[in-house]
file protein.cif (mmCIF, C-alpha atoms)
data_final
#
loop_
_atom_site.group_PDB
_atom_site.id
_atom_site.type_symbol
_atom_site.label_atom_id
_atom_site.label_comp_id
_atom_site.auth_asym_id
_atom_site.auth_seq_id
_atom_site.Cartn_x
_atom_site.Cartn_y
_atom_site.Cartn_z
ATOM 1 C CA MET A 1 137.393 104.211 66.419
ATOM 2 C CA ALA A 2 134.010 102.529 67.035
ATOM 3 C CA SER A 3 132.073 101.951 63.823
ATOM 4 C CA ASP A 4 128.640 102.241 65.461
ATOM 5 C CA TRP A 5 128.944 105.812 66.778
ATOM 6 C CA ARG A 6 125.986 107.009 64.717
ATOM 7 C CA PRO A 7 122.465 107.072 66.221
ATOM 8 C CA GLY A 8 120.072 104.255 65.479
ATOM 9 C CA ALA A 9 117.160 106.644 64.934
ATOM 10 C CA SER A 10 116.931 108.732 61.780
ATOM 11 C CA GLN A 11 116.583 112.507 61.974
ATOM 12 C CA ASP A 12 112.921 112.108 61.015
ATOM 13 C CA ALA A 13 112.369 109.616 63.864
ATOM 14 C CA LEU A 14 114.003 112.006 66.322
ATOM 15 C CA ARG A 15 111.690 114.804 65.172
ATOM 16 C CA GLN A 16 108.691 112.483 65.520
ATOM 17 C CA ARG A 17 109.872 111.583 69.022
ATOM 18 C CA ALA A 18 109.870 115.253 70.004
ATOM 19 C CA ALA A 19 106.453 115.753 68.401
ATOM 20 C CA LEU A 20 104.999 112.777 70.273
ATOM 21 C CA LEU A 21 106.289 114.118 73.572
ATOM 22 C CA ALA A 22 104.710 117.517 72.830
ATOM 23 C CA LEU A 23 101.400 115.862 71.894
ATOM 24 C CA ILE A 24 101.325 113.873 75.148
ATOM 25 C CA ARG A 25 101.980 117.015 77.187
ATOM 26 C CA ARG A 26 99.149 118.851 75.387
ATOM 27 C CA PHE A 27 96.817 115.886 75.890
ATOM 28 C CA PHE A 28 97.262 115.849 79.662
ATOM 29 C CA ALA A 29 97.404 119.628 80.040
ATOM 30 C CA GLU A 30 93.972 119.855 78.393
ATOM 31 C CA ARG A 31 92.699 117.389 80.997
ATOM 32 C CA ASP A 32 94.284 119.245 83.930
ATOM 33 C CA VAL A 33 96.644 116.374 84.760
ATOM 34 C CA LEU A 34 99.809 117.649 86.461
ATOM 35 C CA GLU A 35 103.213 116.671 85.076
ATOM 36 C CA VAL A 36 105.573 115.531 87.851
ATOM 37 C CA ASP A 37 109.207 114.507 88.125
ATOM 38 C CA THR A 38 110.299 111.871 90.656
ATOM 39 C CA PRO A 39 113.723 110.269 91.361
ATOM 40 C CA ALA A 40 115.025 107.477 89.165
ATOM 41 C CA LEU A 41 117.333 106.255 91.947
ATOM 42 C CA LEU A 42 115.414 104.707 94.846
ATOM 43 C CA CYS A 43 115.966 102.854 98.119
ATOM 44 C CA ALA A 44 113.530 100.086 97.095
ATOM 45 C CA THR A 45 112.361 98.362 93.946
ATOM 46 C CA ALA A 46 109.597 96.127 92.626
ATOM 47 C CA SER A 47 109.468 92.617 94.070
ATOM 48 C CA GLU A 48 107.881 90.802 91.102
ATOM 49 C CA PRO A 49 110.090 87.803 90.226
ATOM 50 C CA HIS A 50 110.046 88.583 86.498
ATOM 51 C CA LEU A 51 111.540 92.071 87.010
ATOM 52 C CA ASP A 52 115.313 92.352 87.352
ATOM 53 C CA SER A 53 116.446 95.705 88.710
ATOM 54 C CA PHE A 54 119.800 97.434 88.325
ATOM 55 C CA VAL A 55 121.433 97.708 91.760
ATOM 56 C CA LEU A 56 123.921 100.457 92.593
ATOM 57 C CA PRO A 57 126.078 99.923 95.713
ATOM 58 C CA GLY A 58 127.103 102.807 97.919
ATOM 59 C CA GLY A 59 126.203 104.633 101.095
ATOM 60 C CA ASP A 60 124.461 102.838 103.929
ATOM 61 C CA ALA A 61 122.308 100.721 101.616
ATOM 62 C CA PRO A 62 122.094 99.838 97.919
ATOM 63 C CA ARG A 63 120.037 101.982 95.560
ATOM 64 C CA PHE A 64 117.931 100.760 92.642
ATOM 65 C CA LEU A 65 117.255 102.318 89.264
ATOM 66 C CA GLN A 66 113.477 102.446 88.916
ATOM 67 C CA THR A 67 111.685 99.825 86.862
ATOM 68 C CA SER A 68 108.698 102.201 86.921
ATOM 69 C CA PRO A 69 107.909 105.515 88.661
ATOM 70 C CA GLU A 70 104.926 103.846 90.376
ATOM 71 C CA PHE A 71 106.128 103.897 93.990
ATOM 72 C CA ALA A 72 107.097 107.577 94.072
ATOM 73 C CA MET A 73 103.983 108.648 92.164
ATOM 74 C CA LYS A 74 101.751 106.813 94.624
ATOM 75 C CA ARG A 75 103.430 108.698 97.465
ATOM 76 C CA LEU A 76 102.452 111.921 95.682
ATOM 77 C CA LEU A 77 98.875 110.668 95.314
ATOM 78 C CA ALA A 78 98.654 109.867 99.026
ATOM 79 C CA ALA A 79 99.940 113.389 99.768
ATOM 80 C CA GLY A 80 97.049 114.900 97.791
ATOM 81 C CA SER A 81 98.605 115.606 94.393
ATOM 82 C CA GLY A 82 95.455 114.835 92.432
ATOM 83 C CA ALA A 83 95.759 113.576 88.850
ATOM 84 C CA ILE A 84 99.409 113.267 87.762
ATOM 85 C CA TYR A 85 101.521 111.988 84.878
ATOM 86 C CA GLN A 86 105.202 111.543 84.117
ATOM 87 C CA VAL A 87 107.387 110.749 81.105
ATOM 88 C CA CYS A 88 110.632 109.278 82.398
ATOM 89 C CA LYS A 89 113.460 106.822 81.955
ATOM 90 C CA CYS A 90 113.046 103.348 83.447
ATOM 91 C CA PHE A 91 115.538 100.510 83.706
ATOM 92 C CA ARG A 92 115.195 96.721 83.610
ATOM 93 C CA ARG A 93 118.068 94.283 83.391
ATOM 94 C CA GLY A 94 118.114 91.560 80.793
ATOM 95 C CA GLU A 95 115.624 93.245 78.478
ATOM 96 C CA SER A 96 117.325 93.681 75.119
ATOM 97 C CA ALA A 97 115.450 92.639 71.993
ATOM 98 C CA THR A 98 113.507 94.017 69.044
ATOM 99 C CA ARG A 99 110.910 95.588 71.369
ATOM 100 C CA HIS A 100 112.982 95.853 74.551
ATOM 101 C CA ASN A 101 115.898 97.928 75.799
ATOM 102 C CA PRO A 102 117.389 97.941 79.325
ATOM 103 C CA GLU A 103 116.852 101.721 79.442
ATOM 104 C CA PHE A 104 113.543 102.902 78.018
ATOM 105 C CA THR A 105 111.004 105.697 78.259
ATOM 106 C CA MET A 106 107.732 105.236 80.128
ATOM 107 C CA LEU A 107 104.599 107.347 80.191
ATOM 108 C CA GLU A 108 102.757 106.708 83.447
ATOM 109 C CA TRP A 109 99.670 108.465 84.786
ATOM 110 C CA TYR A 110 97.259 108.191 87.722
ATOM 111 C CA ARG A 111 93.673 109.363 87.916
ATOM 112 C CA PRO A 112 91.862 109.634 91.280
ATOM 113 C CA GLY A 113 88.211 108.663 90.922
ATOM 114 C CA PHE A 114 88.824 106.525 87.807
ATOM 115 C CA ASP A 115 88.018 102.812 87.641
ATOM 116 C CA ARG A 116 89.308 100.391 85.007
ATOM 117 C CA ARG A 117 86.723 101.427 82.419
ATOM 118 C CA ASP A 118 87.545 105.118 82.851
ATOM 119 C CA ALA A 119 91.245 104.353 82.387
ATOM 120 C CA VAL A 120 90.492 102.338 79.236
ATOM 121 C CA ALA A 121 88.467 105.255 77.850
ATOM 122 C CA GLU A 122 91.281 107.745 78.452
ATOM 123 C CA THR A 123 93.885 105.384 76.989
ATOM 124 C CA THR A 124 91.649 105.024 73.937
ATOM 125 C CA ALA A 125 91.444 108.811 73.568
ATOM 126 C CA LEU A 126 95.242 109.118 73.768
ATOM 127 C CA ILE A 127 95.840 106.407 71.153
ATOM 128 C CA GLU A 128 93.223 107.981 68.878
ATOM 129 C CA ALA A 129 95.030 111.327 69.190
ATOM 130 C CA VAL A 130 98.434 109.777 68.424
ATOM 131 C CA LEU A 131 97.654 107.137 65.797
ATOM 132 C CA GLY A 132 94.247 108.169 64.471
ATOM 133 C CA LEU A 133 92.777 104.738 65.206
ATOM 134 C CA SER A 134 89.011 104.526 65.405
ATOM 135 C CA ARG A 135 88.357 100.839 66.075
ATOM 136 C CA PHE A 136 89.221 99.111 69.337
ATOM 137 C CA ARG A 137 88.160 95.606 70.356
ATOM 138 C CA HIS A 138 87.659 94.529 73.969
ATOM 139 C CA HIS A 139 88.088 90.933 75.141
ATOM 140 C CA SER A 140 88.457 89.324 78.527
ATOM 141 C CA TYR A 141 91.556 87.221 79.105
ATOM 142 C CA ALA A 142 89.316 84.145 79.400
ATOM 143 C CA GLU A 143 87.579 84.848 76.063
ATOM 144 C CA LEU A 144 90.915 84.859 74.258
ATOM 145 C CA PHE A 145 92.164 81.683 75.944
ATOM 146 C CA GLU A 146 88.926 79.894 75.137
ATOM 147 C CA GLN A 147 88.997 81.142 71.530
ATOM 148 C CA PHE A 148 92.618 80.321 70.726
ATOM 149 C CA LEU A 149 93.497 77.579 73.232
ATOM 150 C CA GLY A 150 90.195 75.948 74.144
ATOM 151 C CA LEU A 151 90.414 76.285 77.937
ATOM 152 C CA ASN A 152 89.369 78.574 80.752
ATOM 153 C CA PRO A 153 92.549 80.076 82.278
ATOM 154 C CA HIS A 154 90.841 80.745 85.615
ATOM 155 C CA ARG A 155 89.585 77.164 86.075
ATOM 156 C CA ALA A 156 92.153 75.029 84.267
ATOM 157 C CA SER A 157 94.494 73.096 86.548
ATOM 158 C CA ASP A 158 98.227 73.752 86.663
ATOM 159 C CA ASP A 159 98.754 70.395 84.934
ATOM 160 C CA GLU A 160 96.385 71.326 82.111
ATOM 161 C CA LEU A 161 98.206 74.611 81.550
ATOM 162 C CA SER A 162 101.663 73.010 81.634
ATOM 163 C CA GLN A 163 100.688 70.129 79.350
ATOM 164 C CA LEU A 164 99.188 72.508 76.803
ATOM 165 C CA ALA A 165 102.312 74.679 76.838
ATOM 166 C CA LEU A 166 104.637 71.673 76.521
ATOM 167 C CA SER A 167 102.595 70.306 73.618
ATOM 168 C CA LYS A 168 102.714 73.599 71.707
ATOM 169 C CA LEU A 169 106.103 75.094 72.581
ATOM 170 C CA GLU A 170 109.694 73.908 72.612
ATOM 171 C CA ILE A 171 110.728 74.935 76.111
ATOM 172 C CA GLN A 172 112.803 73.785 79.045
ATOM 173 C CA ALA A 173 110.369 73.600 81.968
ATOM 174 C CA GLN A 174 111.881 73.672 85.447
ATOM 175 C CA GLY A 175 110.548 75.433 88.531
ATOM 176 C CA MET A 176 107.599 76.879 86.613
ATOM 177 C CA ALA A 177 104.686 78.356 88.586
ATOM 178 C CA ARG A 178 101.117 78.750 87.374
ATOM 179 C CA THR A 179 101.664 82.353 86.357
ATOM 180 C CA ASP A 180 104.709 81.298 84.276
ATOM 181 C CA TRP A 181 102.597 78.865 82.258
ATOM 182 C CA LEU A 182 99.938 81.519 81.747
ATOM 183 C CA ASP A 183 102.586 84.015 80.586
ATOM 184 C CA LEU A 184 104.042 81.531 78.124
ATOM 185 C CA LEU A 185 100.675 80.651 76.632
ATOM 186 C CA MET A 186 99.642 84.301 76.383
ATOM 187 C CA SER A 187 102.884 85.635 74.914
ATOM 188 C CA HIS A 188 103.531 82.804 72.447
ATOM 189 C CA LEU A 189 100.097 81.565 71.403
ATOM 190 C CA VAL A 190 97.618 84.400 71.974
ATOM 191 C CA GLU A 191 99.376 87.760 71.591
ATOM 192 C CA PRO A 192 100.673 87.065 68.041
ATOM 193 C CA LYS A 193 97.052 86.527 66.915
ATOM 194 C CA LEU A 194 95.787 89.879 68.197
ATOM 195 C CA GLU A 195 95.201 92.075 65.142
ATOM 196 C CA GLY A 196 94.546 95.791 65.356
ATOM 197 C CA ALA A 197 93.977 97.536 68.684
ATOM 198 C CA VAL A 198 92.770 95.120 71.385
ATOM 199 C CA PHE A 199 92.098 95.784 75.063
ATOM 200 C CA VAL A 200 92.426 92.642 77.214
ATOM 201 C CA TYR A 201 90.892 92.774 80.700
ATOM 202 C CA ASP A 202 90.103 90.558 83.708
ATOM 203 C CA PHE A 203 93.517 88.919 84.001
ATOM 204 C CA PRO A 204 94.027 85.898 86.306
ATOM 205 C CA ARG A 205 94.253 86.860 89.969
ATOM 206 C CA GLN A 206 97.816 85.472 90.094
ATOM 207 C CA GLN A 207 98.778 88.298 87.715
ATOM 208 C CA ALA A 208 97.154 91.114 89.665
ATOM 209 C CA GLY A 209 100.386 92.984 90.398
ATOM 210 C CA LEU A 210 99.174 95.900 92.526
ATOM 211 C CA SER A 211 95.656 95.955 91.097
ATOM 212 C CA ARG A 212 92.467 95.014 92.899
ATOM 213 C CA ILE A 213 90.856 91.589 92.647
ATOM 214 C CA ALA A 214 87.111 91.101 92.194
ATOM 215 C CA GLU A 215 84.701 88.475 90.883
ATOM 216 C CA ASN A 216 83.660 88.557 87.235
ATOM 217 C CA ASP A 217 80.172 87.670 86.001
ATOM 218 C CA GLN A 218 81.095 83.954 86.005
ATOM 219 C CA GLY A 219 82.181 84.037 89.647
ATOM 220 C CA ASP A 220 85.921 83.809 88.950
ATOM 221 C CA ALA A 221 88.328 85.992 90.932
ATOM 222 C CA VAL A 222 90.067 88.247 88.403
ATOM 223 C CA ALA A 223 92.523 91.140 88.483
ATOM 224 C CA GLN A 224 91.014 94.555 87.834
ATOM 225 C CA ARG A 225 93.553 95.465 85.184
ATOM 226 C CA PHE A 226 93.921 95.667 81.419
ATOM 227 C CA GLU A 227 96.532 95.613 78.710
ATOM 228 C CA LEU A 228 96.364 97.268 75.288
ATOM 229 C CA TYR A 229 97.881 95.430 72.335
ATOM 230 C CA ILE A 230 98.294 96.877 68.866
ATOM 231 C CA ASP A 231 99.017 94.245 66.210
ATOM 232 C CA GLY A 232 100.201 91.855 68.898
ATOM 233 C CA MET A 233 102.560 94.300 70.636
ATOM 234 C CA GLU A 234 101.801 95.287 74.242
ATOM 235 C CA ILE A 235 101.555 99.075 74.458
ATOM 236 C CA ALA A 236 99.929 99.855 77.819
ATOM 237 C CA ASN A 237 99.127 98.220 81.147
ATOM 238 C CA GLY A 238 96.470 99.679 83.439
ATOM 239 C CA TYR A 239 95.302 98.945 87.000
ATOM 240 C CA HIS A 240 92.397 99.855 89.212
ATOM 241 C CA GLU A 241 94.865 100.345 92.016
ATOM 242 C CA LEU A 242 95.085 98.326 95.218
ATOM 243 C CA LEU A 243 94.496 100.459 98.340
ATOM 244 C CA ASP A 244 94.741 97.996 101.263
ATOM 245 C CA PRO A 245 98.165 98.183 103.014
ATOM 246 C CA LEU A 246 97.751 94.695 104.522
ATOM 247 C CA GLU A 247 97.141 93.214 101.084
ATOM 248 C CA LEU A 248 100.092 95.205 99.742
ATOM 249 C CA GLN A 249 102.364 93.537 102.318
ATOM 250 C CA ARG A 250 100.846 90.111 101.655
ATOM 251 C CA ARG A 251 101.545 90.363 97.926
ATOM 252 C CA ALA A 252 105.130 91.420 98.582
ATOM 253 C CA ASP A 253 105.479 88.333 100.797
ATOM 254 C CA VAL A 254 104.081 86.118 98.012
ATOM 255 C CA ASP A 255 106.508 87.659 95.511
ATOM 256 C CA ASN A 256 109.428 86.994 97.834
ATOM 257 C CA ALA A 257 108.356 83.408 98.392
ATOM 258 C CA GLN A 258 108.440 82.954 94.613
ATOM 259 C CA ARG A 259 111.799 84.692 94.434
ATOM 260 C CA ARG A 260 113.223 82.298 97.036
ATOM 261 C CA ALA A 261 111.872 79.338 95.089
ATOM 262 C CA CYS A 262 113.645 80.632 91.979
ATOM 263 C CA GLY A 263 116.902 81.305 93.803
ATOM 264 C CA LEU A 264 116.505 85.077 93.503
ATOM 265 C CA PRO A 265 117.310 87.593 96.250
ATOM 266 C CA GLU A 266 114.388 88.868 98.283
ATOM 267 C CA ILE A 267 113.224 92.463 97.804
ATOM 268 C CA PRO A 268 111.792 94.095 100.960
ATOM 269 C CA LEU A 269 108.628 96.119 100.523
ATOM 270 C CA ASP A 270 109.336 99.832 100.117
ATOM 271 C CA PRO A 271 108.586 101.293 103.586
ATOM 272 C CA HIS A 272 107.657 104.658 102.042
ATOM 273 C CA LEU A 273 105.094 103.006 99.764
ATOM 274 C CA LEU A 274 103.643 101.059 102.694
ATOM 275 C CA ALA A 275 103.415 104.233 104.785
ATOM 276 C CA ALA A 276 101.655 106.041 101.933
ATOM 277 C CA HIS A 277 99.071 103.234 101.748
ATOM 278 C CA GLN A 278 98.626 103.337 105.509
ATOM 279 C CA HIS A 279 98.051 107.089 105.325
ATOM 280 C CA GLY A 280 95.504 106.508 102.575
ATOM 281 C CA LEU A 281 95.820 106.227 98.808
ATOM 282 C CA PRO A 282 92.835 107.730 96.938
ATOM 283 C CA ASP A 283 90.605 105.468 94.888
ATOM 284 C CA CYS A 284 92.387 105.652 91.535
ATOM 285 C CA SER A 285 93.516 103.951 88.365
ATOM 286 C CA GLY A 286 96.985 104.059 86.865
ATOM 287 C CA VAL A 287 98.307 103.364 83.366
ATOM 288 C CA ALA A 288 101.870 102.643 82.237
ATOM 289 C CA LEU A 289 102.490 103.070 78.502
ATOM 290 C CA GLY A 290 105.647 102.257 76.577
ATOM 291 C CA PHE A 291 106.616 105.543 74.920
ATOM 292 C CA ASP A 292 109.232 103.947 72.639
ATOM 293 C CA ARG A 293 106.829 101.251 71.468
ATOM 294 C CA LEU A 294 104.159 103.832 70.728
ATOM 295 C CA LEU A 295 106.738 105.777 68.720
ATOM 296 C CA MET A 296 107.564 102.579 66.806
ATOM 297 C CA LEU A 297 103.940 102.536 65.633
ATOM 298 C CA VAL A 298 104.039 106.233 64.732
ATOM 299 C CA CYS A 299 107.200 105.714 62.662
ATOM 300 C CA GLY A 300 106.363 102.289 61.253
ATOM 301 C CA ALA A 301 109.580 100.985 62.837
ATOM 302 C CA THR A 302 110.305 97.280 63.233
ATOM 303 C CA SER A 303 112.904 97.673 66.003
ATOM 304 C CA ILE A 304 113.126 99.853 69.101
ATOM 305 C CA ASP A 305 116.665 100.731 67.976
ATOM 306 C CA GLN A 306 115.101 102.737 65.115
ATOM 307 C CA VAL A 307 113.314 105.151 67.469
ATOM 308 C CA MET A 308 116.052 105.678 70.080
ATOM 309 C CA ALA A 309 119.036 107.920 69.499
ATOM 310 C CA PHE A 310 121.282 105.326 71.140
ATOM 311 C CA SER A 311 119.910 101.973 72.236
ATOM 312 C CA ASP A 312 121.838 99.547 74.425
ATOM 313 C CA ARG A 313 123.666 98.075 71.443
ATOM 314 C CA ARG A 314 125.110 101.521 70.622
ATOM 315 C CA VAL A 315 126.451 102.587 74.026
#
call {"tool": "encode", "arguments": {"input": "protein.cif", "output": "structure tokens"}}
result
Amino acid sequence: MASDWRPGASQDALRQRAALLALIRRFFAERDVLEVDTPALLCATASEPHLDSFVLPGGDAPRFLQTSPEFAMKRLLAAGSGAIYQVCKCFRRGESATRHNPEFTMLEWYRPGFDRRDAVAETTALIEAVLGLSRFRHHSYAELFEQFLGLNPHRASDDELSQLALSKLEIQAQGMARTDWLDLLMSHLVEPKLEGAVFVYDFPRQQAGLSRIAENDQGDAVAQRFELYIDGMEIANGYHELLDPLELQRRADVDNAQRRACGLPEIPLDPHLLAAHQHGLPDCSGVALGFDRLLMLVCGATSIDQVMAFSDRRV
């Protein structure tokens, strides 16, 4: 008989999980945001090289467990859904650690007519309602790099970024791209120093994902996106969403070029997502928030295992 049959979460944590879900539903109902339910099993998946999807063989083509409900929700937006949100299971291979689990719960919402600042304001209101926080700091990505690392991440050369990372971190560096160096510096040398609730915005254009790119006040091309950290833990990631179908295809091509360089299989762009963009996605912002991580803060937990009935290590 297996000795680890018991849940990782206490009964109190399970009750707090249910209460948090109810609070989120009230929050969006009061704002007339429609709850939706989209498939977890899809014909296409995200092409970003750092995401590793679960692939299920069968039928005429493989199916993928969603890494995020983004693609299906954007199809709803293009069809005229208006403001929508979803709380759902997402799946990412190779993510098992104190703050990660291969299967996790995501809160994701989209707001037509919202820009990045509107999305930040609504995220702030949600976190205030859940955690009772009243103080939030706002810093650009460049401000934090200049404060903690002494360089401008938008203007530093690839060599400067790599040399700084190699001088500060014990790592094996092979086949690293610019965005990899930026990720390493951010995750290892900046994030741990972020105390309290901190919104970080104006990310490097290489890390735009599916957000828009625009010039900041200094003339640097930056991604119109933000991340919220609470005591150094990433909680939410928001985009002023990309609308241009040609740029959507171009970014998928860039991702696949990086995947080839890393020896990873290519991921074709989801034809349904492309068709939705061609039809016309409304001007909107979207936010993805880690439900389990937010619950960790509610419960004062130090591991994601403590807020899940059965994490990966118990199944």
call {"tool": "atom_distance", "arguments": {"input": "protein.cif", "atom1": "atom CA of A:Thr105", "atom2": "atom CA of A:Thr179"}}
result
26.4 Å
call {"tool": "residues_around", "arguments": {"input": "protein.cif", "residues": "A:His188", "least_positions_apart": "5", "cutoff": "10 Å", "atoms": "all atoms listed in the file", "output": "count of residues only"}}
result
5
call {"tool": "atom_distance", "arguments": {"input": "protein.cif", "atom1": "atom CA of A:Met296", "atom2": "atom CA of A:Glu95"}}
result
17.0 Å
call {"tool": "residues_near_point", "arguments": {"input": "protein.cif", "point": "(102.1, 115.3, 75.5)", "cutoff": "12 Å", "atoms": "all atoms listed in the file", "output": "list in words"}}
result
Arg17, Ala18, Ala19, Leu20, Leu21, Ala22, Leu23, Ile24, Arg25, Arg26, Phe27, Phe28, Ala29, Glu30, Arg31, Val33, Leu34, Glu35, Tyr85, Gln86, Val87, Leu107, Glu108, Trp109, Leu126, Ile127, Ala129, Val130 and Phe291 of chain A
call {"tool": "atom_distance", "arguments": {"input": "protein.cif", "atom1": "atom CA of A:Asp115", "atom2": "atom CA of A:Ala288"}}
result
14.9 Å
call {"tool": "axis_aligned_box", "arguments": {"input": "protein.cif", "around": "stretch 96-109 of chain A", "padding_each_side": "4 Å", "output": "AutoDock Vina command-line options"}}
result
--center_x 108.5 --center_y 100.6 --center_z 76.9 --size_x 25.7 --size_y 23.8 --size_z 23.7
call {"tool": "closest_residue", "arguments": {"input": "protein.cif", "among": "A:Glu266, A:Asp255, A:Asp231, A:Asp159", "to": "A:Gln207", "atoms": "all atoms listed in the file"}}
result
A:Asp255
call {"tool": "residues_around", "arguments": {"input": "protein.cif", "residues": "stretch 140-156 of chain A", "least_positions_apart": "4", "cutoff": "8 Å", "atoms": "only C-alpha atoms", "output": "tab-separated table (two decimals) with C-alpha atoms, in the frame of the given file"}}
result
chain	number	residue	atom	x	y	z
A	160	GLU	CA	96.38	71.33	82.11
A	161	LEU	CA	98.21	74.61	81.55
A	182	LEU	CA	99.94	81.52	81.75
A	186	MET	CA	99.64	84.30	76.38
A	189	LEU	CA	100.10	81.56	71.40
A	190	VAL	CA	97.62	84.40	71.97
A	200	VAL	CA	92.43	92.64	77.21
A	201	TYR	CA	90.89	92.77	80.70
A	202	ASP	CA	90.10	90.56	83.71
A	203	PHE	CA	93.52	88.92	84.00
A	204	PRO	CA	94.03	85.90	86.31
A	220	ASP	CA	85.92	83.81	88.95
A	221	ALA	CA	88.33	85.99	90.93
call {"tool": "resolve_selection", "arguments": {"input": "protein.cif", "expression": "the PyMOL selection byres ((chain A and resi 242) around 8)", "output": "ChimeraX atom specification"}}
result
/A:210-212,240-241,243-244,248
call {"tool": "resolve_selection", "arguments": {"input": "protein.cif", "expression": "the PyMOL selection byres ((chain A and resi 306) around 8)", "output": "ChimeraX atom specification"}}
result
/A:8-10,13,296,301-305,307-309
call {"tool": "closest_residue", "arguments": {"input": "protein.cif", "among": "A:Ala119, A:Val222, A:Leu228, A:Val55", "to": "A:Phe136", "atoms": "all atoms listed in the file"}}
result
A:Leu228
call {"tool": "resolve_selection", "arguments": {"input": "protein.cif", "expression": "the PyMOL selection byres ((chain A and resi 275) around 12)", "output": "mmCIF file with C-alpha atoms, in the frame of the given file"}}
result
data_model
loop_
_atom_site.group_PDB
_atom_site.id
_atom_site.type_symbol
_atom_site.label_atom_id
_atom_site.label_comp_id
_atom_site.auth_asym_id
_atom_site.auth_seq_id
_atom_site.Cartn_x
_atom_site.Cartn_y
_atom_site.Cartn_z
ATOM 1 C CA PHE A 71 106.128 103.897 93.990
ATOM 2 C CA ALA A 72 107.097 107.577 94.072
ATOM 3 C CA LYS A 74 101.751 106.813 94.624
ATOM 4 C CA ARG A 75 103.430 108.698 97.465
ATOM 5 C CA LEU A 76 102.452 111.921 95.682
ATOM 6 C CA ALA A 78 98.654 109.867 99.026
ATOM 7 C CA ALA A 79 99.940 113.389 99.768
ATOM 8 C CA LEU A 243 94.496 100.459 98.340
ATOM 9 C CA ASP A 244 94.741 97.996 101.263
ATOM 10 C CA PRO A 245 98.165 98.183 103.014
ATOM 11 C CA LEU A 246 97.751 94.695 104.522
ATOM 12 C CA LEU A 248 100.092 95.205 99.742
ATOM 13 C CA GLN A 249 102.364 93.537 102.318
ATOM 14 C CA LEU A 269 108.628 96.119 100.523
ATOM 15 C CA ASP A 270 109.336 99.832 100.117
ATOM 16 C CA PRO A 271 108.586 101.293 103.586
ATOM 17 C CA HIS A 272 107.657 104.658 102.042
ATOM 18 C CA LEU A 273 105.094 103.006 99.764
ATOM 19 C CA LEU A 274 103.643 101.059 102.694
ATOM 20 C CA ALA A 276 101.655 106.041 101.933
ATOM 21 C CA HIS A 277 99.071 103.234 101.748
ATOM 22 C CA GLN A 278 98.626 103.337 105.509
ATOM 23 C CA HIS A 279 98.051 107.089 105.325
ATOM 24 C CA GLY A 280 95.504 106.508 102.575
ATOM 25 C CA LEU A 281 95.820 106.227 98.808
#
call {"tool": "residues_around", "arguments": {"input": "protein.cif", "residues": "A:Arg137", "least_positions_apart": "5", "cutoff": "10 Å", "atoms": "all atoms listed in the file", "output": "JSON, numbers by chain"}}
result
{"A": [194, 195, 196, 197, 198, 199, 200, 228, 229]}
